[in-house]
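> Take a look at data24.txt, compact mmCIF, C-alpha atoms:
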```txt
# COMPACT_ATOMS: atom_id res chain seq x y z
CA MET A 37 -31.80 133.78 72.34
CA VAL A 38 -34.19 135.38 69.85
CA PRO A 39 -32.33 138.73 69.75
CA ARG A 40 -29.05 136.91 69.08
CA VAL A 41 -30.60 134.90 66.23
CA PHE A 42 -32.09 138.10 64.80
CA ALA A 43 -28.74 139.83 64.99
CA LEU A 44 -27.02 136.96 63.18
CA LEU A 45 -29.69 136.99 60.47
CA TRP A 46 -29.31 140.77 60.11
CA LEU A 47 -25.51 140.47 59.73
CA ALA A 48 -26.02 137.81 57.08
CA VAL A 49 -28.44 140.05 55.17
CA VAL A 50 -26.06 143.01 55.36
CA GLY A 51 -23.21 140.82 54.13
CA LEU A 52 -25.26 139.64 51.17
CA ALA A 53 -26.25 143.23 50.43
CA VAL A 54 -22.66 144.36 50.33
CA GLU A 55 -21.63 141.36 48.22
CA ALA A 56 -24.51 141.98 45.79
CA GLY A 57 -23.71 145.67 45.55
CA TRP A 58 -27.03 146.94 46.85
CA ALA A 59 -25.77 148.41 50.09
CA GLU A 60 -26.30 152.12 50.63
CA SER A 61 -24.69 154.22 47.92
CA VAL A 62 -22.15 156.95 48.61
CA ASP A 63 -23.18 160.45 47.58
CA TRP A 64 -21.23 162.40 44.95
CA PRO A 65 -20.89 165.86 46.54
CA GLN A 66 -18.42 167.54 44.17
CA PHE A 67 -16.52 167.42 40.89
CA ARG A 68 -14.97 163.97 40.31
CA GLY A 69 -16.59 162.54 43.43
CA PRO A 70 -15.90 162.31 47.17
CA GLY A 71 -12.12 162.10 46.71
CA ARG A 72 -11.97 164.48 43.72
CA ASP A 73 -10.22 161.63 41.91
CA GLY A 74 -12.82 160.16 39.53
CA ILE A 75 -13.15 157.01 41.67
CA SER A 76 -16.60 155.61 42.48
CA SER A 77 -17.11 153.07 45.27
CA GLU A 78 -20.23 151.64 43.60
CA THR A 79 -20.37 147.86 43.19
CA GLY A 80 -22.83 145.43 41.65
CA LEU A 81 -22.58 147.13 38.25
CA LEU A 82 -22.80 145.56 34.82
CA LYS A 83 -19.55 143.84 33.89
CA GLN A 84 -20.44 144.15 30.23
CA TRP A 85 -22.94 146.41 28.48
CA PRO A 86 -25.53 145.10 26.02
CA ALA A 87 -24.78 145.57 22.32
CA ASP A 88 -26.94 148.70 22.17
CA GLY A 89 -25.73 150.02 25.53
CA PRO A 90 -27.35 150.12 28.98
CA ARG A 91 -31.05 150.90 29.27
CA LEU A 92 -31.99 154.59 29.13
CA LEU A 93 -34.25 155.21 32.14
CA TRP A 94 -35.11 158.86 31.48
CA LYS A 95 -34.11 162.17 29.96
CA LEU A 96 -34.55 165.56 31.60
CA GLU A 97 -34.46 168.80 29.63
CA GLY A 98 -34.20 172.39 30.81
CA LEU A 99 -30.72 172.52 32.36
CA GLY A 100 -29.58 175.16 29.88
CA ARG A 101 -26.25 175.54 28.16
CA GLY A 102 -23.26 174.24 30.13
CA TYR A 103 -20.45 171.75 30.59
CA SER A 104 -21.01 171.42 34.35
CA THR A 105 -21.62 167.91 35.59
CA LEU A 106 -23.58 166.79 38.69
CA ALA A 107 -23.20 166.81 42.44
CA ILE A 108 -25.64 164.36 44.07
CA VAL A 109 -26.41 164.61 47.79
CA GLY A 110 -29.40 163.61 49.93
CA GLY A 111 -31.74 162.70 47.09
CA LYS A 112 -31.07 165.92 45.17
CA PHE A 113 -28.76 166.80 42.33
CA PHE A 114 -27.09 170.13 41.65
CA THR A 115 -25.52 171.57 38.52
CA MET A 116 -25.11 174.85 36.64
CA GLY A 117 -26.45 176.16 33.35
CA ASP A 118 -26.99 179.29 31.26
CA ARG A 119 -30.75 179.74 30.82
CA ARG A 120 -33.50 182.26 31.20
CA ALA A 121 -33.96 183.47 34.75
CA GLN A 122 -36.75 185.51 36.31
CA GLY A 123 -37.36 188.61 34.23
CA GLY A 124 -36.75 186.78 30.97
CA SER A 125 -33.04 187.53 30.54
CA GLU A 126 -30.44 184.79 30.33
CA ALA A 127 -28.15 184.25 33.31
CA GLN A 128 -25.69 181.74 34.67
CA CYS A 129 -27.61 179.74 37.27
CA VAL A 130 -26.97 177.18 39.96
CA LEU A 131 -29.74 174.56 39.70
CA ALA A 132 -31.23 172.07 42.16
CA TYR A 133 -33.55 169.14 41.37
CA ASP A 134 -35.25 166.36 43.29
CA LEU A 135 -33.58 163.22 42.00
CA ALA A 136 -36.57 160.87 42.26
CA SER A 137 -39.18 163.11 40.64
CA ARG A 138 -36.79 165.26 38.54
CA LYS A 139 -38.73 168.27 39.77
CA GLU A 140 -36.81 171.54 39.76
CA LEU A 141 -36.43 172.83 43.32
CA TRP A 142 -34.76 176.16 42.64
CA ALA A 143 -32.61 178.06 40.14
CA THR A 144 -30.42 180.94 41.34
CA PRO A 145 -28.55 183.32 39.01
CA ILE A 146 -24.99 184.04 40.17
CA GLY A 147 -23.50 185.84 37.16
CA PRO A 148 -23.71 186.66 33.45
CA PRO A 149 -24.04 183.90 30.84
CA HIS A 150 -21.14 182.67 28.73
CA SER A 151 -21.90 182.31 25.02
CA ASP A 152 -19.03 179.85 24.52
CA GLY A 153 -20.69 176.81 26.05
CA GLY A 154 -21.92 178.09 29.41
CA PRO A 155 -20.52 177.26 32.89
CA ARG A 156 -17.87 174.63 33.57
CA CYS A 157 -17.99 174.47 37.38
CA THR A 158 -19.71 171.64 39.24
CA PRO A 159 -21.21 172.89 42.54
CA THR A 160 -19.58 171.63 45.73
CA VAL A 161 -22.13 170.59 48.36
CA ASP A 162 -21.27 170.83 52.07
CA GLY A 163 -24.29 170.13 54.26
CA ASP A 164 -26.63 173.12 54.35
CA LEU A 165 -24.46 175.16 51.99
CA LEU A 166 -23.07 174.76 48.49
CA TYR A 167 -20.58 176.69 46.38
CA GLY A 168 -20.31 177.46 42.70
CA ILE A 169 -18.02 179.52 40.47
CA GLY A 170 -19.30 181.31 37.38
CA THR A 171 -17.24 181.81 34.25
CA GLU A 172 -16.73 185.51 35.12
CA GLY A 173 -15.21 184.54 38.47
CA ASP A 174 -18.35 184.93 40.59
CA LEU A 175 -17.94 182.67 43.63
CA ALA A 176 -21.29 182.18 45.39
CA CYS A 177 -22.29 180.43 48.60
CA LEU A 178 -25.94 179.32 48.55
CA GLU A 179 -28.33 177.59 50.90
CA THR A 180 -28.74 174.00 49.74
CA ALA A 181 -32.43 173.88 50.64
CA THR A 182 -33.57 177.17 49.10
CA GLY A 183 -30.91 178.44 46.71
CA LYS A 184 -30.70 181.72 48.64
CA ILE A 185 -27.33 183.44 48.23
CA VAL A 186 -25.50 183.68 51.57
CA TRP A 187 -22.44 185.55 50.28
CA LYS A 188 -20.59 186.28 47.03
CA LYS A 189 -17.10 187.23 45.90
CA ASN A 190 -15.73 188.11 42.48
CA PHE A 191 -12.24 186.93 41.56
CA GLY A 192 -11.41 190.00 39.48
CA ARG A 193 -12.83 192.76 41.70
CA ASP A 194 -11.94 191.24 45.06
CA PHE A 195 -8.63 189.53 44.34
CA GLY A 196 -7.21 191.00 41.13
CA GLY A 197 -7.72 187.63 39.53
CA LYS A 198 -7.34 186.65 35.90
CA MET A 199 -7.23 183.55 33.70
CA MET A 200 -4.09 182.34 31.99
CA SER A 201 -5.76 182.43 28.56
CA VAL A 202 -8.98 183.37 26.74
CA TRP A 203 -11.24 180.69 28.23
CA ARG A 204 -12.94 181.68 31.42
CA TYR A 205 -13.07 180.28 34.95
CA SER A 206 -13.78 176.55 35.03
CA GLU A 207 -12.76 175.57 38.57
CA SER A 208 -14.95 173.67 41.00
CA PRO A 209 -14.25 175.00 44.54
CA LEU A 210 -12.81 172.84 47.32
CA VAL A 211 -14.40 172.79 50.78
CA ASP A 212 -12.01 171.61 53.49
CA GLY A 213 -13.02 171.99 57.14
CA GLU A 214 -14.11 175.60 57.66
CA LYS A 215 -12.49 176.80 54.45
CA VAL A 216 -13.61 177.10 50.84
CA VAL A 217 -10.51 177.27 48.64
CA CYS A 218 -10.19 178.40 45.03
CA THR A 219 -7.84 179.93 42.46
CA PRO A 220 -8.50 183.56 41.41
CA GLY A 221 -5.07 183.72 39.75
CA GLY A 222 -4.20 187.22 41.01
CA PRO A 223 -0.61 188.35 41.64
CA ASP A 224 -1.26 188.62 45.38
CA ALA A 225 -3.95 185.95 45.46
CA THR A 226 -3.08 183.02 43.24
CA LEU A 227 -5.06 180.89 45.67
CA VAL A 228 -7.40 182.10 48.41
CA ALA A 229 -9.08 180.49 51.41
CA LEU A 230 -12.35 181.97 52.67
CA HIS A 231 -14.47 181.11 55.67
CA LYS A 232 -17.16 178.94 54.17
CA LYS A 233 -20.03 180.47 56.18
CA THR A 234 -19.16 184.17 55.88
CA GLY A 235 -16.82 184.56 52.91
CA GLU A 236 -14.28 186.28 55.17
CA VAL A 237 -10.72 186.01 53.84
CA ILE A 238 -8.63 183.56 55.89
CA TRP A 239 -5.53 183.85 53.71
CA LYS A 240 -4.32 184.83 50.27
CA SER A 241 -1.43 182.95 48.71
CA ALA A 242 0.94 184.75 46.34
CA VAL A 243 2.84 182.08 44.42
CA PRO A 244 6.36 183.22 43.44
CA PRO A 245 7.72 182.80 39.88
CA LEU A 246 8.09 179.10 39.05
CA GLY A 247 9.86 179.45 35.70
CA PRO A 248 9.41 180.67 32.13
CA LYS A 249 6.85 178.15 30.92
CA GLY A 250 3.12 178.90 30.91
CA ARG A 251 1.38 182.17 31.67
CA ASP A 252 0.38 184.09 34.76
CA GLY A 253 -3.17 183.55 35.98
CA ALA A 254 -5.47 180.75 36.99
CA GLY A 255 -5.55 177.48 35.09
CA TYR A 256 -8.56 175.24 34.51
CA ALA A 257 -7.88 172.60 37.17
CA SER A 258 -9.54 172.23 40.58
CA ILE A 259 -7.64 172.06 43.87
CA VAL A 260 -7.10 168.79 45.74
CA ALA A 261 -6.13 168.44 49.42
CA ALA A 262 -3.44 166.07 50.69
CA ASP A 263 -1.44 165.40 53.85
CA ILE A 264 2.25 165.19 52.94
CA GLU A 265 5.08 164.87 55.46
CA GLY A 266 2.73 165.90 58.28
CA VAL A 267 1.54 169.08 56.55
CA ARG A 268 -1.88 169.47 54.95
CA GLN A 269 -1.48 170.99 51.51
CA TYR A 270 -3.64 172.33 48.71
CA ILE A 271 -2.31 171.21 45.35
CA THR A 272 -3.35 172.42 41.92
CA VAL A 273 -2.15 173.26 38.43
CA PHE A 274 -2.40 176.94 37.50
CA GLY A 275 -1.00 179.00 34.63
CA ARG A 276 2.65 178.52 35.60
CA GLY A 277 2.49 174.84 36.57
CA ALA A 278 1.90 172.67 39.62
CA VAL A 279 1.96 174.17 43.11
CA GLY A 280 1.47 173.15 46.73
CA VAL A 281 0.60 175.60 49.53
CA ASP A 282 0.16 175.18 53.27
CA ALA A 283 -3.54 174.60 54.00
CA GLN A 284 -3.43 176.48 57.30
CA THR A 285 -1.57 179.61 56.19
CA GLY A 286 -1.45 179.65 52.39
CA LYS A 287 2.35 179.69 52.51
CA PHE A 288 3.98 178.58 49.26
CA LEU A 289 5.62 175.18 49.75
CA TRP A 290 6.76 173.94 46.34
CA GLY A 291 6.25 174.42 42.62
CA TYR A 292 6.99 172.73 39.29
CA ASN A 293 7.09 174.71 36.06
CA LYS A 294 7.94 172.06 33.45
CA ILE A 295 4.35 170.86 33.19
CA ALA A 296 2.97 174.29 32.21
CA ASN A 297 1.94 175.27 28.70
CA ASN A 298 0.85 178.73 27.59
CA VAL A 299 -2.58 177.70 26.24
CA ALA A 300 -4.54 175.84 28.94
CA ASN A 301 -3.44 173.75 31.92
CA ILE A 302 -6.51 171.67 32.72
CA PRO A 303 -6.39 168.22 34.42
CA ASN A 304 -6.46 167.85 38.20
CA PRO A 305 -3.40 166.46 39.99
CA ILE A 306 -3.46 162.87 41.28
CA VAL A 307 -1.91 162.40 44.74
CA ARG A 308 -0.85 159.24 46.59
CA GLY A 309 1.27 159.63 49.71
CA ASN A 310 4.00 162.12 48.86
CA LEU A 311 3.75 161.46 45.10
CA VAL A 312 1.91 163.87 42.79
CA PHE A 313 1.13 163.08 39.14
CA VAL A 314 0.48 166.06 36.86
CA THR A 315 -0.30 166.19 33.15
CA THR A 316 -1.25 168.79 30.56
CA SER A 317 -1.63 168.85 26.79
CA TYR A 318 -0.61 171.21 23.98
CA ARG A 319 2.62 169.24 23.44
CA THR A 320 3.60 169.39 27.11
CA GLY A 321 3.45 165.92 28.72
CA SER A 322 3.28 164.47 32.22
CA ALA A 323 5.40 164.06 35.35
CA LEU A 324 5.45 162.27 38.67
CA LEU A 325 6.77 164.43 41.50
CA ARG A 326 8.05 163.29 44.88
CA ILE A 327 7.38 165.97 47.50
CA ASN A 328 10.28 166.00 49.96
CA LYS A 329 10.62 167.85 53.25
CA GLU A 330 13.94 168.89 54.80
CA GLY A 331 13.43 170.89 57.96
CA ASP A 332 10.73 173.41 57.09
CA ARG A 333 11.53 173.38 53.38
CA PHE A 334 9.58 171.42 50.75
CA THR A 335 10.86 170.52 47.29
CA ALA A 336 9.33 168.81 44.28
CA GLU A 337 11.65 166.13 42.91
CA GLU A 338 10.92 164.85 39.39
CA VAL A 339 10.66 161.05 39.54
CA TYR A 340 9.96 160.75 35.82
CA TYR A 341 8.78 162.84 32.90
CA LEU A 342 6.71 161.57 29.97
CA ASP A 343 6.89 163.62 26.80
CA PRO A 344 3.62 164.29 24.93
CA ARG A 345 4.22 161.36 22.57
CA GLN A 346 4.12 159.07 25.60
CA PHE A 347 1.24 160.69 27.50
CA GLU A 348 -0.52 164.05 27.59
CA ASN A 349 -4.06 164.51 28.88
CA HIS A 350 -5.92 167.39 27.27
CA HIS A 351 -8.97 167.32 29.51
CA GLY A 352 -11.09 164.54 30.94
CA GLY A 353 -8.57 163.63 33.60
CA VAL A 354 -6.88 160.44 34.71
CA VAL A 355 -7.68 157.92 37.44
CA LEU A 356 -5.34 155.93 39.68
CA VAL A 357 -6.52 152.35 40.22
CA GLY A 358 -4.22 150.11 42.21
CA ASP A 359 -0.71 150.75 40.92
CA HIS A 360 -1.71 152.08 37.51
CA LEU A 361 -3.01 155.28 35.95
CA TYR A 362 -5.62 155.24 33.20
CA GLY A 363 -6.61 158.09 30.91
CA GLY A 364 -6.96 159.41 27.40
CA SER A 365 -3.85 160.77 25.70
CA GLY A 366 -3.41 163.36 22.97
CA GLN A 367 -4.43 166.90 22.16
CA ASN A 368 -8.17 166.84 21.41
CA ALA A 369 -7.87 163.06 21.66
CA GLY A 370 -8.61 160.23 24.06
CA ASN A 371 -6.26 157.42 23.12
CA PRO A 372 -6.58 154.96 26.06
CA VAL A 373 -3.28 154.54 27.92
CA CYS A 374 -2.34 152.59 31.07
CA ILE A 375 0.76 153.78 32.98
CA GLU A 376 2.55 152.17 35.89
CA PHE A 377 2.27 154.92 38.50
CA ALA A 378 5.61 154.48 40.26
CA THR A 379 7.81 154.12 37.17
CA GLY A 380 6.04 155.78 34.24
CA LYS A 381 6.27 152.55 32.23
CA ILE A 382 3.50 152.32 29.62
CA ALA A 383 1.58 149.09 30.25
CA TRP A 384 -0.54 149.53 27.12
CA ARG A 385 -1.79 152.14 24.69
CA THR A 386 -4.28 151.83 21.86
CA ALA A 387 -6.28 153.74 19.30
CA PRO A 388 -9.26 155.76 20.58
CA VAL A 389 -12.68 154.17 20.81
CA GLY A 390 -14.40 157.50 20.05
CA SER A 391 -13.20 160.85 18.78
CA GLY A 392 -12.09 163.91 20.73
CA SER A 393 -10.96 163.95 24.34
CA ALA A 394 -12.45 161.56 26.90
CA ALA A 395 -13.68 162.15 30.46
CA VAL A 396 -12.77 159.14 32.59
CA LEU A 397 -14.49 157.54 35.60
CA TYR A 398 -13.66 154.32 37.48
CA ALA A 399 -16.24 152.06 39.14
CA ASP A 400 -16.38 148.37 40.07
CA GLY A 401 -13.38 147.19 38.07
CA ARG A 402 -14.27 149.11 34.95
CA LEU A 403 -13.45 152.47 33.34
CA VAL A 404 -16.05 154.67 31.69
CA PHE A 405 -14.54 156.70 28.84
CA ARG A 406 -16.95 159.40 27.68
CA TYR A 407 -15.79 160.83 24.36
CA GLN A 408 -16.69 164.30 23.18
CA ASN A 409 -18.40 162.91 20.04
CA GLY A 410 -21.09 161.25 22.20
CA LEU A 411 -19.63 157.74 22.30
CA VAL A 412 -19.30 156.09 25.74
CA ALA A 413 -17.07 153.04 26.27
CA LEU A 414 -16.74 150.56 29.13
CA ILE A 415 -13.15 149.32 29.47
CA GLU A 416 -11.67 146.81 31.90
CA ALA A 417 -9.25 148.39 34.39
CA ASP A 418 -6.63 145.74 33.72
CA PRO A 419 -2.96 146.67 33.22
CA SER A 420 -2.25 143.37 31.45
CA GLU A 421 -4.51 144.05 28.45
CA PHE A 422 -6.86 146.57 26.86
CA LYS A 423 -10.39 145.23 26.58
CA VAL A 424 -13.61 147.07 25.66
CA VAL A 425 -16.66 145.41 27.23
CA GLY A 426 -19.32 147.76 25.93
CA LYS A 427 -19.96 150.96 24.04
CA PHE A 428 -22.90 153.06 22.88
CA ARG A 429 -23.80 156.51 21.64
CA THR A 430 -25.81 158.74 23.93
CA ALA A 431 -29.45 159.42 23.12
CA VAL A 432 -28.70 163.15 22.89
CA HIS A 433 -25.58 164.84 21.52
CA ASN A 434 -25.81 168.64 21.42
CA GLY A 435 -22.12 169.50 21.10
CA PRO A 436 -18.85 168.46 22.72
CA SER A 437 -19.77 165.88 25.37
CA TRP A 438 -17.31 167.17 27.95
CA PRO A 439 -19.25 166.87 31.26
CA HIS A 440 -17.72 164.09 33.37
CA PRO A 441 -19.85 160.96 33.88
CA VAL A 442 -21.29 160.23 37.32
CA ILE A 443 -22.42 156.86 38.73
CA HIS A 444 -24.76 156.90 41.71
CA GLU A 445 -26.97 154.09 43.06
CA GLY A 446 -26.44 151.94 39.99
CA LYS A 447 -27.25 154.71 37.53
CA LEU A 448 -24.97 156.41 35.03
CA TYR A 449 -25.66 160.15 34.61
CA LEU A 450 -24.53 161.96 31.48
CA ARG A 451 -25.11 165.70 31.01
CA ASP A 452 -25.25 167.04 27.45
CA HIS A 453 -25.93 170.79 27.70
CA ASP A 454 -29.69 171.22 28.18
CA THR A 455 -30.33 167.48 28.65
CA LEU A 456 -29.49 165.06 31.44
CA MET A 457 -29.62 161.34 30.60
CA CYS A 458 -29.89 158.53 33.17
CA TYR A 459 -28.89 154.96 32.28
CA ASP A 460 -29.37 151.79 34.31
CA VAL A 461 -25.98 150.13 34.85
CA LYS A 462 -26.88 147.81 37.74
CA GLU A 463 -25.90 144.17 37.27
```
Please lay out the structure from this file as structure tokens.


Amino acid sequence: MVPRVFALLWLAVVGLAVEAGWAESVDWPQFRGPGRDGISSETGLLKQWPADGPRLLWKLEGLGRGYSTLAIVGGKFFTMGDRRAQGGSEAQCVLAYDLASRKELWATPIGPPHSDGGPRCTPTVDGDLLYGIGTEGDLACLETATGKIVWKKNFGRDFGGKMMSVWRYSESPLVDGEKVVCTPGGPDATLVALHKKTGEVIWKSAVPPLGPKGRDGAGYASIVAADIEGVRQYITVFGRGAVGVDAQTGKFLWGYNKIANNVANIPNPIVRGNLVFVTTSYRTGSALLRINKEGDRFTAEEVYYLDPRQFENHHGGVVLVGDHLYGGSGQNAGNPVCIEFATGKIAWRTAPVGSGSAAVLYADGRLVFRYQNGLVALIEADPSEFKVVGKFRTAVHNGPSWPHPVIHEGKLYLRDHDTLMCYDVKE
């Protein structure tokens, strides 16, 4: 009888924990979270921020120059930064810290520094190994515990890779099963899949011409994986537009050129079922594609197209919550817009809360819009109305505040170049 009573009490406690939002948190192992979609499963968060913003718990300095955000796994966080390495010279480093103590665990140089803002990649953590891409196309596999380099590749030397425009590699690599997948942008290797433990080439994907728009080379987006019509695919936006390739072989499946511009194609695709939403800026716009399969042939059917006056996301991304997309619209702007996913109908649009583009995160019924001028806004994810329920300016603002926000265990993490800020957003 006693064990049964204990079990019932334990189930009651667990239920209360889940309801209160203090059940075990989900780690954040890569750029834009577990699903690469900017969606956090955290609950029990503040529904409205105080007038002066949530409480700042701590600041950590020493991360170096960089727009990389955080991966958080197993009580540690990982990022990248340009800073002085051993020997006194500056290098582009992958960094690891103990989350509780903020003690630096290791710092490993993987390539030369980038004077224009430092690295953009967020490391991808996969158990005992992690992966990072430097701005010069240095892909490195490192031991999570020690920072020791296991293997390295260079996109230019090994794959004939290049970027579509003057800004350098910004991609965060995808780990899927035994593969690590990325976008060198070479003529014979637009995308590549490598064995994650050895770096051995599994396949190289040469994407055929998609159309006249855009430029050859890699874009600034990161690959997402999806199962469509029984075939696992890797989907991304590169210099010539959106593309899907077979995950097992790298075979080109479908492409869409209309979304490409010749400056910078940046935001990640959003996938639900066989529908793919893609958006870029520089007076380009957005589209929803239906991926169809007839026999062995895939095609990308345009469901709708939104011109840049209706919606264009520069960078900062969009999130899909329920049946609606949310994101900031405009070149170098973050005008909040809500779009019905299936139809492209604009539910609402409004003037920006801050200035510059906005990186967007969803958690617990709310959207976090982080503007590049250092203002952070909390907005209800409600397609019926636009409502701001909190805003504040970060304690540190060293330049464009482009790193995406991260929420983990009731804390909001905001990177601003050399400084990491941690805010308490628990209810």

> Taking 4 positions as the minimum chain separation for residues in the same chain, which residues sit within 6 Å of range 407-416 of chain A when counting all atoms listed in the file? Answer as a PyMOL selection string.

chain A and resi 390-394+402-403+423-430+433+436-438

> If we count all atoms listed in the file, what is near Ala254 in chain A at a cut-off of 10 Å, once residues fewer than 6 positions away on the same chain are taken out, given as a PDB file with C-alpha atoms, in the coordinates of the input?


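This is the output file out05.pdb:
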```pdb
ATOM      1  CA  GLY A 197      -7.720 187.630  39.530  1.00  0.00           C
ATOM      2  CA  LYS A 198      -7.340 186.650  35.900  1.00  0.00           C
ATOM      3  CA  MET A 199      -7.230 183.550  33.700  1.00  0.00           C
ATOM      4  CA  MET A 200      -4.090 182.340  31.990  1.00  0.00           C
ATOM      5  CA  SER A 201      -5.760 182.430  28.560  1.00  0.00           C
ATOM      6  CA  ARG A 204     -12.940 181.680  31.420  1.00  0.00           C
ATOM      7  CA  TYR A 205     -13.070 180.280  34.950  1.00  0.00           C
ATOM      8  CA  SER A 206     -13.780 176.550  35.030  1.00  0.00           C
ATOM      9  CA  GLU A 207     -12.760 175.570  38.570  1.00  0.00           C
ATOM     10  CA  CYS A 218     -10.190 178.400  45.030  1.00  0.00           C
ATOM     11  CA  THR A 219      -7.840 179.930  42.460  1.00  0.00           C
ATOM     12  CA  PRO A 220      -8.500 183.560  41.410  1.00  0.00           C
ATOM     13  CA  GLY A 221      -5.070 183.720  39.750  1.00  0.00           C
ATOM     14  CA  GLY A 222      -4.200 187.220  41.010  1.00  0.00           C
ATOM     15  CA  THR A 226      -3.080 183.020  43.240  1.00  0.00           C
ATOM     16  CA  LEU A 227      -5.060 180.890  45.670  1.00  0.00           C
ATOM     17  CA  THR A 272      -3.350 172.420  41.920  1.00  0.00           C
ATOM     18  CA  VAL A 273      -2.150 173.260  38.430  1.00  0.00           C
ATOM     19  CA  PHE A 274      -2.400 176.940  37.500  1.00  0.00           C
ATOM     20  CA  GLY A 275      -1.000 179.000  34.630  1.00  0.00           C
ATOM     21  CA  ARG A 276       2.650 178.520  35.600  1.00  0.00           C
ATOM     22  CA  GLY A 277       2.490 174.840  36.570  1.00  0.00           C
ATOM     23  CA  ALA A 300      -4.540 175.840  28.940  1.00  0.00           C
ATOM     24  CA  ASN A 301      -3.440 173.750  31.920  1.00  0.00           C
TER      25      ASN A 301
END
```

> Given the choices A:Leu106, A:Cys374, A:Leu397, A:Cys177, which gets closest to Ser76 in chain A if the distance is worked out from all atoms listed in the file?

A:Leu397

> Please report the interatomic distance between CA of His231 in chain A and CA of Gln269 in chain A in Å with one decimal.

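A separation of 17.0 Å between them.
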
> Compile the contact shell of Val339 in chain A as a CSV table (one decimal) with C-alpha atoms, in the frame of the given file: residues with an atom at most 12 Å away, counting only C-alpha atoms, same-chain residues fewer than 3 positions apart removed.


```
chain,number,residue,atom,x,y,z
A,310,ASN,CA,4.0,162.1,48.9
A,311,LEU,CA,3.8,161.5,45.1
A,312,VAL,CA,1.9,163.9,42.8
A,313,PHE,CA,1.1,163.1,39.1
A,314,VAL,CA,0.5,166.1,36.9
A,322,SER,CA,3.3,164.5,32.2
A,323,ALA,CA,5.4,164.1,35.4
A,324,LEU,CA,5.4,162.3,38.7
A,325,LEU,CA,6.8,164.4,41.5
A,326,ARG,CA,8.0,163.3,44.9
A,327,ILE,CA,7.4,166.0,47.5
A,328,ASN,CA,10.3,166.0,50.0
A,336,ALA,CA,9.3,168.8,44.3
A,342,LEU,CA,6.7,161.6,30.0
A,377,PHE,CA,2.3,154.9,38.5
A,378,ALA,CA,5.6,154.5,40.3
A,379,THR,CA,7.8,154.1,37.2
A,380,GLY,CA,6.0,155.8,34.2
```

> Between CA of Gly235 in chain A and CA of Lys188 in chain A, what is the spacing in Å?

7.2 Å

> Point out the residue among A:Pro303, A:Gly170, A:Gly364, A:Gly74 with the least atom-to-atom distance to Pro441 in chain A, counting all atoms listed in the file.

A:Gly74

> Neighbours of Asn297 in chain A within 9 Å (only C-alpha atoms; same-chain residues fewer than 5 positions away dropped), as a list in words?

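That gives Lys249, Gly250, Arg251, Gly275, Arg276, Gly277, Thr316, Ser317, Tyr318, Arg319 and Thr320 of chain A.
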
> Could you check which of A:Ile259, A:Leu289, A:Ala283, A:Ala225 is closest to Gly213 in chain A, using all atoms listed in the file?

A:Ala283

> Do you have the CA of Gly266 in chain A-CA of Ala242 in chain A distance handy?

22.4 Å

> Counting all atoms listed in the file, figure out which residue out of A:Gly309, A:Pro344, A:Pro439, A:Gly173 gets nearest to Ile295 in chain A.

A:Pro344

> Tell me which protein, DNA and RNA residues are within 12 Å of Gly123 in chain A, counting all atoms listed in the file, leaving out same-chain ones fewer than 4 positions away, and put them as a VMD selection string.

chain A and resid 119 127 145

> Which one of A:Ile271, A:Leu175, A:Leu99, A:Leu82 sits closest to Asp194 in chain A if you count all atoms listed in the file?

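Under the stated criterion, the closest residue is A:Leu175.
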
> Quick one: of A:Thr234, A:Asn349, A:Thr79, A:Ser137, who's nearest to Leu165 in chain A, counting all atoms listed in the file?

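Under the stated criterion, the closest residue is A:Thr234.
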
> Assuming 4 Å of padding per side, give the centre and edge lengths of the axis-aligned box around every listed atom of range 327-343 of chain A, in Å to one decimal and as JSON.


```
{"center_x": 10.3, "center_y": 167.1, "center_z": 42.4, "size_x": 15.2, "size_y": 20.7, "size_z": 39.2}
```

> Around the point (-19.1, 179.3, 54.6) in the file's coordinates, collect all residues with an atom within 10 Å, using all atoms listed in the file, and return them as a PyMOL selection string.

chain A and resi 162+164-167+176-178+186-187+211+213-216+230-236
